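The structure file upload_23.pdb is reproduced below (PDB, C-alpha atoms).
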ATOM      1  CA  GLY A   1     -26.745-252.549  58.631
ATOM      2  CA  ARG A   2     -29.295-254.281  56.477
ATOM      3  CA  ASP A   3     -28.990-257.561  54.655
ATOM      4  CA  ILE A   4     -29.677-256.501  51.093
ATOM      5  CA  ASP A   5     -29.842-259.188  48.425
ATOM      6  CA  VAL A   6     -30.838-257.077  45.387
ATOM      7  CA  ALA A   7     -31.100-253.324  44.810
ATOM      8  CA  CYS A   8     -32.249-251.238  41.838
ATOM      9  CA  PHE A   9     -30.837-247.785  41.062
ATOM     10  CA  GLN A  10     -31.788-244.819  38.907
ATOM     11  CA  GLU A  11     -29.758-241.607  38.428
ATOM     12  CA  LEU A  12     -26.696-243.661  39.315
ATOM     13  CA  GLY A  13     -23.326-241.897  39.238
ATOM     14  CA  PRO A  14     -19.845-243.459  38.941
ATOM     15  CA  SER A  15     -18.866-243.101  42.612
ATOM     16  CA  GLN A  16     -22.218-244.494  43.727
ATOM     17  CA  ALA A  17     -21.847-247.468  41.376
ATOM     18  CA  GLU A  18     -18.383-248.208  42.743
ATOM     19  CA  ALA A  19     -19.631-248.112  46.350
ATOM     20  CA  VAL A  20     -22.537-250.414  45.486
ATOM     21  CA  ARG A  21     -20.245-252.900  43.688
ATOM     22  CA  ASP A  22     -18.271-253.314  46.911
ATOM     23  CA  LEU A  23     -21.430-254.529  48.689
ATOM     24  CA  LEU A  24     -23.362-256.161  45.843
ATOM     25  CA  PRO A  25     -20.826-257.351  43.259
ATOM     26  CA  HIS A  26     -23.189-258.993  40.748
ATOM     27  CA  GLY A  27     -25.714-257.636  38.263
ATOM     28  CA  ALA A  28     -25.260-254.735  35.867
ATOM     29  CA  MET A  29     -24.409-251.134  36.658
ATOM     30  CA  GLU A  30     -24.271-248.413  34.002
ATOM     31  CA  PRO A  31     -23.559-245.111  35.716
ATOM     32  CA  GLY A  32     -24.225-241.871  33.933
ATOM     33  CA  SER A  33     -21.894-238.891  33.959
ATOM     34  CA  GLY A  34     -21.759-235.337  32.690
ATOM     35  CA  ARG A  35     -24.887-234.431  30.734
ATOM     36  CA  THR A  36     -26.204-237.999  31.062
ATOM     37  CA  ARG A  37     -25.668-238.210  34.839
ATOM     38  CA  HIS A  38     -29.408-238.694  35.388
ATOM     39  CA  HIS A  39     -29.455-241.662  32.986
ATOM     40  CA  GLY A  40     -27.353-243.993  35.151
ATOM     41  CA  MET A  41     -29.144-247.256  35.944
ATOM     42  CA  GLY A  42     -28.381-250.549  37.551
ATOM     43  CA  ILE A  43     -29.487-253.700  39.289
ATOM     44  CA  ALA A  44     -26.992-255.035  41.820
ATOM     45  CA  SER A  45     -27.097-258.356  43.621
ATOM     46  CA  ARG A  46     -25.279-260.295  46.303
ATOM     47  CA  GLU A  47     -25.600-263.459  44.136
ATOM     48  CA  PRO A  48     -24.961-263.885  40.385
ATOM     49  CA  LEU A  49     -27.833-262.342  38.463
ATOM     50  CA  GLU A  50     -28.405-262.009  34.738
ATOM     51  CA  VAL A  51     -29.547-258.504  33.839
ATOM     52  CA  ARG A  52     -30.666-257.387  30.413
ATOM     53  CA  LYS A  53     -32.050-254.183  28.990
ATOM     54  CA  LEU A  54     -35.635-253.736  27.996
ATOM     55  CA  PRO A  55     -35.429-251.250  25.112
ATOM     56  CA  LEU A  56     -37.666-248.239  25.698
ATOM     57  CA  ASP A  57     -37.800-244.976  23.817
ATOM     58  CA  GLY A  58     -35.302-242.486  25.270
ATOM     59  CA  ARG A  59     -34.000-244.632  28.130
ATOM     60  CA  SER A  60     -34.057-248.419  28.436
ATOM     61  CA  ALA A  61     -35.232-250.241  31.531
ATOM     62  CA  PHE A  62     -33.163-252.921  33.264
ATOM     63  CA  LEU A  63     -34.728-256.340  33.677
ATOM     64  CA  ALA A  64     -33.651-259.343  35.743
ATOM     65  CA  LYS A  65     -35.297-262.598  36.723
ATOM     66  CA  LEU A  66     -34.837-264.013  40.181
ATOM     67  CA  PRO A  67     -34.985-267.771  39.560
ATOM     68  CA  VAL A  68     -36.518-269.841  42.341
ATOM     69  CA  GLU A  69     -33.578-272.272  42.083
ATOM     70  CA  GLN A  70     -31.231-269.510  43.243
ATOM     71  CA  TRP A  71     -33.754-267.822  45.543
ATOM     72  CA  PRO A  72     -35.498-270.788  47.240
ATOM     73  CA  GLU A  73     -37.524-268.548  49.586
ATOM     74  CA  LEU A  74     -39.548-267.359  46.563
ATOM     75  CA  ASP A  75     -42.753-269.109  45.502
ATOM     76  CA  GLY A  76     -41.715-268.785  41.851
ATOM     77  CA  HIS A  77     -39.587-266.796  39.440
ATOM     78  CA  ILE A  78     -39.875-263.039  39.920
ATOM     79  CA  GLU A  79     -39.069-260.460  37.281
ATOM     80  CA  LEU A  80     -37.442-257.240  38.493
ATOM     81  CA  LEU A  81     -38.100-254.310  36.198
ATOM     82  CA  ASN A  82     -36.075-251.198  37.014
ATOM     83  CA  VAL A  83     -37.387-248.131  35.176
ATOM     84  CA  HIS A  84     -36.684-244.428  34.998
ATOM     85  CA  VAL A  85     -39.485-242.845  33.011
ATOM     86  CA  MET A  86     -38.583-239.611  31.232
ATOM     87  CA  VAL A  87     -39.686-236.398  32.901
ATOM     88  CA  PRO A  88     -42.905-235.003  31.418
ATOM     89  CA  VAL A  89     -41.191-231.761  30.389
ATOM     90  CA  ALA A  90     -37.554-231.090  29.711
ATOM     91  CA  ARG A  91     -35.934-227.729  29.172
ATOM     92  CA  ARG A  92     -33.610-229.077  26.511
ATOM     93  CA  SER A  93     -36.033-231.277  24.622
ATOM     94  CA  LEU A  94     -39.412-230.648  23.113
ATOM     95  CA  ARG A  95     -39.592-234.392  22.371
ATOM     96  CA  ALA A  96     -39.716-235.363  26.066
ATOM     97  CA  PRO A  97     -43.531-235.629  26.376
ATOM     98  CA  MET A  98     -43.770-237.872  23.300
ATOM     99  CA  GLN A  99     -40.826-240.017  24.407
ATOM    100  CA  ARG A 100     -42.445-240.402  27.803
ATOM    101  CA  ARG A 101     -45.755-241.559  26.285
ATOM    102  CA  ARG A 102     -43.938-244.066  24.075
ATOM    103  CA  GLN A 103     -41.902-245.283  27.046
ATOM    104  CA  VAL A 104     -45.014-245.923  29.110
ATOM    105  CA  ARG A 105     -46.759-247.590  26.155
ATOM    106  CA  GLN A 106     -43.721-249.876  25.676
ATOM    107  CA  LEU A 107     -43.732-250.754  29.386
ATOM    108  CA  LEU A 108     -47.439-251.610  29.167
ATOM    109  CA  GLU A 109     -46.781-253.798  26.102
ATOM    110  CA  HIS A 110     -44.093-255.647  28.083
ATOM    111  CA  LEU A 111     -46.444-256.150  31.037
ATOM    112  CA  ASP A 112     -49.306-257.261  28.787
ATOM    113  CA  ALA A 113     -47.109-259.775  26.920
ATOM    114  CA  THR A 114     -46.783-261.907  30.075
ATOM    115  CA  PRO A 115     -49.498-260.827  32.520
ATOM    116  CA  GLU A 116     -49.116-264.029  34.550
ATOM    117  CA  GLN A 117     -45.452-263.233  35.333
ATOM    118  CA  ALA A 118     -44.839-262.311  38.976
ATOM    119  CA  ARG A 119     -42.885-259.065  38.902
ATOM    120  CA  LEU A 120     -41.740-256.042  40.806
ATOM    121  CA  LEU A 121     -41.537-252.765  38.925
ATOM    122  CA  LEU A 122     -39.250-250.377  40.774
ATOM    123  CA  GLY A 123     -37.994-246.973  39.898
ATOM    124  CA  ASP A 124     -38.507-243.353  39.245
ATOM    125  CA  LEU A 125     -41.752-242.920  37.337
ATOM    126  CA  ASN A 126     -41.514-239.112  37.417
ATOM    127  CA  SER A 127     -45.253-239.292  38.040
ATOM    128  CA  THR A 128     -47.513-238.521  40.948
ATOM    129  CA  PRO A 129     -50.417-240.922  41.539
ATOM    130  CA  LEU A 130     -52.663-238.416  39.731
ATOM    131  CA  TRP A 131     -50.747-238.545  36.435
ATOM    132  CA  PRO A 132     -51.642-240.745  33.440
ATOM    133  CA  ALA A 133     -48.331-242.685  33.443
ATOM    134  CA  TYR A 134     -48.828-243.792  37.053
ATOM    135  CA  ARG A 135     -52.500-244.642  36.487
ATOM    136  CA  ALA A 136     -51.665-246.659  33.361
ATOM    137  CA  LEU A 137     -49.023-248.717  35.169
ATOM    138  CA  THR A 138     -51.160-249.269  38.260
ATOM    139  CA  SER A 139     -53.966-250.520  36.027
ATOM    140  CA  ARG A 140     -51.702-253.578  35.583
ATOM    141  CA  LEU A 141     -49.753-253.554  38.870
ATOM    142  CA  ARG A 142     -50.449-252.923  42.552
ATOM    143  CA  ASP A 143     -48.669-250.042  44.309
ATOM    144  CA  LEU A 144     -46.966-251.719  47.257
ATOM    145  CA  HIS A 145     -46.078-248.348  48.830
ATOM    146  CA  VAL A 146     -49.785-247.576  49.090
ATOM    147  CA  GLU A 147     -50.630-251.056  50.401
ATOM    148  CA  HIS A 148     -47.835-251.026  52.980
ATOM    149  CA  ALA A 149     -48.724-247.556  54.223
ATOM    150  CA  ALA A 150     -52.440-248.417  54.398
ATOM    151  CA  GLY A 151     -51.585-251.532  56.403
ATOM    152  CA  SER A 152     -49.986-249.350  59.048
ATOM    153  CA  GLY A 153     -52.742-246.725  58.888
ATOM    154  CA  GLY A 154     -50.830-244.110  56.914
ATOM    155  CA  LYS A 155     -49.990-242.797  53.465
ATOM    156  CA  PRO A 156     -46.826-243.233  51.383
ATOM    157  CA  ARG A 157     -44.252-240.564  52.104
ATOM    158  CA  PRO A 158     -43.356-237.982  49.453
ATOM    159  CA  THR A 159     -40.049-238.514  47.620
ATOM    160  CA  PHE A 160     -39.498-235.276  45.702
ATOM    161  CA  GLY A 161     -38.560-231.762  46.771
ATOM    162  CA  PHE A 162     -38.003-228.860  44.404
ATOM    163  CA  TRP A 163     -34.284-228.446  45.251
ATOM    164  CA  PRO A 164     -31.660-230.499  47.098
ATOM    165  CA  GLY A 165     -32.480-230.569  50.792
ATOM    166  CA  ALA A 166     -35.957-229.085  50.280
ATOM    167  CA  PRO A 167     -38.967-230.564  52.051
ATOM    168  CA  ARG A 168     -40.506-233.418  50.090
ATOM    169  CA  TRP A 169     -43.851-232.460  48.513
ATOM    170  CA  LEU A 170     -44.654-235.082  45.870
ATOM    171  CA  ARG A 171     -44.290-238.841  45.462
ATOM    172  CA  LEU A 172     -42.634-239.386  42.072
ATOM    173  CA  ASP A 173     -40.523-242.444  42.895
ATOM    174  CA  HIS A 174     -42.227-245.812  43.312
TER
END

Could you write out this file's structure as structure tokens?
Amino acid sequence: GRDIDVACFQELGPSQAEAVRDLLPHGAMEPGSGRTRHHGMGIASREPLEVRKLPLDGRSAFLAKLPVEQWPELDGHIELLNVHVMVPVARRSLRAPMQRRRQVRQLLEHLDATPEQARLLLGDLNSTPLWPAYRALTSRLRDLHVEHAAGSGGKPRPTFGFWPGAPRWLRLDH
């Protein structure tokens, strides 16, 4: 097993949330279900952790601060920002592309409001590294997947296949 202190989740379902709560009882978990099953989000922690929502168009992000008093191994407070950016196209919504642009713009406004804040942005960006949403966010943040892979002489592994169990072709999750 692994010693996990904090974990962020997107597309969180009720049974997954329950299993996570058994291991990481603190934080905030809001599983989705039915038609909103892909909207489930959460940040779970081994230690008490205050989680709040960062309102974004279409789907809010989850935000938590890891205070150095509670996490003494940190050099300073770290903000965790758990996001699930809307897909660029949606069969049921013609508004999806506009919501997505607004979501990314709102994330950038949050990042720009406190650029000195140490933070980790985690989540499903529904964006390959070639897409504008990814490029906009990485203009403010470093991609640790890329840095880690480069440090070991490789590339980040793809995260998305076109159907369950399919080979992974694209990296959408970061």

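The environment of stretch 121-133 of chain A within 7 Å, counting all atoms listed in the file and disregarding residues fewer than 2 places along the same chain, consists of Gln10, Leu80, Leu81, Asn82, Val83, His84, Val85, Met86, Val87, Val104, Arg119, Arg135, Ala136, Leu137, Leu170, Arg171, Leu172, Asp173 and His174 of chain A.
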
Item to complete: Step by step, work through what the PyMOL selection byres ((chain A and resi 105) around 12) selects in the shown file, and finish by giving those residues as number ranges by chain.
Response: A: 55-57, 85, 98-104, 106-112, 132-134, 136-137

Please write as a PDB file with C-alpha atoms, in the coordinates of the input the full residue list that the PyMOL selection byres ((chain A and resi 25) around 12) yields on this file.
ATOM      1  CA  ILE A   4     -29.677-256.501  51.093  1.00  0.00           C
ATOM      2  CA  ASP A   5     -29.842-259.188  48.425  1.00  0.00           C
ATOM      3  CA  VAL A   6     -30.838-257.077  45.387  1.00  0.00           C
ATOM      4  CA  ALA A   7     -31.100-253.324  44.810  1.00  0.00           C
ATOM      5  CA  ALA A  17     -21.847-247.468  41.376  1.00  0.00           C
ATOM      6  CA  GLU A  18     -18.383-248.208  42.743  1.00  0.00           C
ATOM      7  CA  ALA A  19     -19.631-248.112  46.350  1.00  0.00           C
ATOM      8  CA  VAL A  20     -22.537-250.414  45.486  1.00  0.00           C
ATOM      9  CA  ARG A  21     -20.245-252.900  43.688  1.00  0.00           C
ATOM     10  CA  ASP A  22     -18.271-253.314  46.911  1.00  0.00           C
ATOM     11  CA  LEU A  23     -21.430-254.529  48.689  1.00  0.00           C
ATOM     12  CA  LEU A  24     -23.362-256.161  45.843  1.00  0.00           C
ATOM     13  CA  HIS A  26     -23.189-258.993  40.748  1.00  0.00           C
ATOM     14  CA  GLY A  27     -25.714-257.636  38.263  1.00  0.00           C
ATOM     15  CA  ALA A  28     -25.260-254.735  35.867  1.00  0.00           C
ATOM     16  CA  MET A  29     -24.409-251.134  36.658  1.00  0.00           C
ATOM     17  CA  GLY A  42     -28.381-250.549  37.551  1.00  0.00           C
ATOM     18  CA  ILE A  43     -29.487-253.700  39.289  1.00  0.00           C
ATOM     19  CA  ALA A  44     -26.992-255.035  41.820  1.00  0.00           C
ATOM     20  CA  SER A  45     -27.097-258.356  43.621  1.00  0.00           C
ATOM     21  CA  ARG A  46     -25.279-260.295  46.303  1.00  0.00           C
ATOM     22  CA  GLU A  47     -25.600-263.459  44.136  1.00  0.00           C
ATOM     23  CA  PRO A  48     -24.961-263.885  40.385  1.00  0.00           C
ATOM     24  CA  LEU A  49     -27.833-262.342  38.463  1.00  0.00           C
TER      25      LEU A  49
END

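Picture a line from atom CA of A:Trp71 to atom CA of A:Glu30; it runs 24.5 Å.
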
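For the pair atom CA of A:Lys155 and atom CA of A:Leu120, the interatomic distance is 20.1 Å.
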
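Interatomic distance, atom CA of A:Pro164 against atom CA of A:Pro88: 19.8 Å.
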
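For the choices A:Glu116, A:Ala64, A:Pro31, A:Gly161, the atom-to-atom distance to A:Arg140 is smallest for A:Glu116 when using all atoms listed in the file.
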
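Compared by their closest atoms to A:Arg37, and using all atoms listed in the file, the residues A:Gln16, A:Ser60, A:Thr159, A:Thr138 rank with A:Gln16 nearest.
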
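Between A:Ser15 and the residues A:Pro67, A:Pro115, A:Gly32, A:Pro167, the shortest atom-to-atom distance, using only C-alpha atoms, involves A:Gly32.
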
Missing atoms in stretch 71-86 of chain A should be modelled up to N, CA, C and O atoms and reported as a compact mmCIF listing (two decimals), in the frame of the given file.
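So the final result, stored in out_5.txt, reads:
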# COMPACT_ATOMS: atom_id res chain seq x y z
N TRP A 71 -33.08 -268.54 44.47
CA TRP A 71 -33.75 -267.82 45.54
C TRP A 71 -34.86 -268.72 46.09
O TRP A 71 -36.04 -268.49 45.84
N PRO A 72 -34.51 -269.77 46.84
CA PRO A 72 -35.50 -270.79 47.24
C PRO A 72 -36.63 -270.26 48.14
O PRO A 72 -37.67 -270.89 48.24
N GLU A 73 -36.45 -269.10 48.75
CA GLU A 73 -37.52 -268.55 49.59
C GLU A 73 -38.67 -267.98 48.76
O GLU A 73 -39.73 -267.66 49.29
N LEU A 74 -38.49 -267.86 47.45
CA LEU A 74 -39.55 -267.36 46.56
C LEU A 74 -40.50 -268.48 46.19
O LEU A 74 -40.11 -269.65 46.09
N ASP A 75 -41.75 -268.13 45.95
CA ASP A 75 -42.75 -269.11 45.50
C ASP A 75 -42.59 -269.45 44.03
O ASP A 75 -43.09 -270.46 43.56
N GLY A 76 -41.93 -268.59 43.28
CA GLY A 76 -41.72 -268.79 41.85
C GLY A 76 -40.78 -267.71 41.33
O GLY A 76 -40.34 -266.84 42.08
N HIS A 77 -40.46 -267.79 40.05
CA HIS A 77 -39.59 -266.80 39.44
C HIS A 77 -40.22 -265.41 39.56
O HIS A 77 -41.41 -265.25 39.34
N ILE A 78 -39.41 -264.42 39.86
CA ILE A 78 -39.88 -263.04 39.92
C ILE A 78 -39.05 -262.20 38.96
O ILE A 78 -37.82 -262.29 38.94
N GLU A 79 -39.73 -261.39 38.18
CA GLU A 79 -39.07 -260.46 37.28
C GLU A 79 -38.91 -259.12 38.00
O GLU A 79 -39.87 -258.59 38.55
N LEU A 80 -37.69 -258.60 38.01
CA LEU A 80 -37.44 -257.24 38.49
C LEU A 80 -37.36 -256.34 37.27
O LEU A 80 -36.61 -256.63 36.34
N LEU A 81 -38.09 -255.27 37.30
CA LEU A 81 -38.10 -254.31 36.20
C LEU A 81 -37.76 -252.95 36.79
O LEU A 81 -38.54 -252.39 37.55
N ASN A 82 -36.57 -252.47 36.49
CA ASN A 82 -36.08 -251.20 37.01
C ASN A 82 -36.23 -250.14 35.93
O ASN A 82 -35.62 -250.25 34.87
N VAL A 83 -37.08 -249.13 36.19
CA VAL A 83 -37.39 -248.13 35.18
C VAL A 83 -37.10 -246.72 35.67
O VAL A 83 -37.12 -246.45 36.87
N HIS A 84 -36.81 -245.86 34.73
CA HIS A 84 -36.68 -244.43 35.00
C HIS A 84 -37.39 -243.73 33.85
O HIS A 84 -36.80 -243.49 32.79
N VAL A 85 -38.66 -243.46 34.05
CA VAL A 85 -39.48 -242.84 33.01
C VAL A 85 -39.03 -241.40 32.82
O VAL A 85 -38.75 -240.68 33.77
N MET A 86 -38.99 -240.98 31.57
CA MET A 86 -38.58 -239.61 31.23
C MET A 86 -39.47 -238.60 31.95
O MET A 86 -40.65 -238.86 32.18
